[in-house]
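Let me begin by presenting the structure, written as structure tokens, before commenting on it.
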Amino acid sequence: MPITTSAKKAMRQANARLDRRKPYKSRLKSEIKKFLETVKTDQVKAKALFPKTQSVIDTASKKHIIHKNTASRKKARLAALIGKAAENKPAETKKAAAKK
């Protein structure tokens, strides 16, 4: 526990900031997790969900929950997942067509 007055105030401020940031951080993690699960199962829904996920990441960046470069990196990696999923899907249909 802090002893000095300034340390006590610093602890109060840190806790207040933590309480303010928590909902944004939680929503960010939830949206990314939901997006990753959707990419595995349904690429069409993932494409529709991507703008919402991107918006949540941008909001977290704007409110200084995450650094702007971290936000950019996360968005780029999620976009790459959509691209990979799109590349894999036509390849699978070509294989299925070749078997027929």
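Labels for the structure tokens follow display order: chains A, B, ..., residues from 1 in each chain, ligands from 1.
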
TODO: Identify, on the basis of only C-alpha atoms, every residue whose closest approach to range 11-24 of chain A does not exceed 12 Å; exclude the query and any residue fewer than 3 positions from it along the same chain; express the result as a count of residues only.
DONE: 25

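Reported to one decimal place, the separation of CA of Glu87 in chain A from CA of Glu37 in chain A is 17.9 Å.
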
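Distances from A:Asn69, A:Asn88, A:Ser26, A:Thr38 to Phe50 in chain A were compared using only C-alpha atoms, and the smallest one belongs to A:Thr38.
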
Task: Nearest to Ala85 in chain A, chosen from A:Gln43, A:Lys9, A:Lys33, A:Lys25, with only C-alpha atoms counted in the distances - done: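 The answer is A:Gln43, which sits nearest to Ala85 in chain A.
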
- [ ] Please measure the separation of CA of Arg77 in chain A and CA of Gln54 in chain A, giving the value in Å to one decimal.
- [x]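 Separating CA of Arg77 in chain A from CA of Gln54 in chain A is a distance of 11.1 Å.
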
Task: Test item: residues at most 8 Å from Leu49 in chain A, only C-alpha atoms, excluding those fewer than 4 positions along its chain, as a PyMOL selection string - done: chain A and resi 35+45+53

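A straight line drawn from CA of Ala71 in chain A to CA of Leu36 in chain A is 15.9 Å long.
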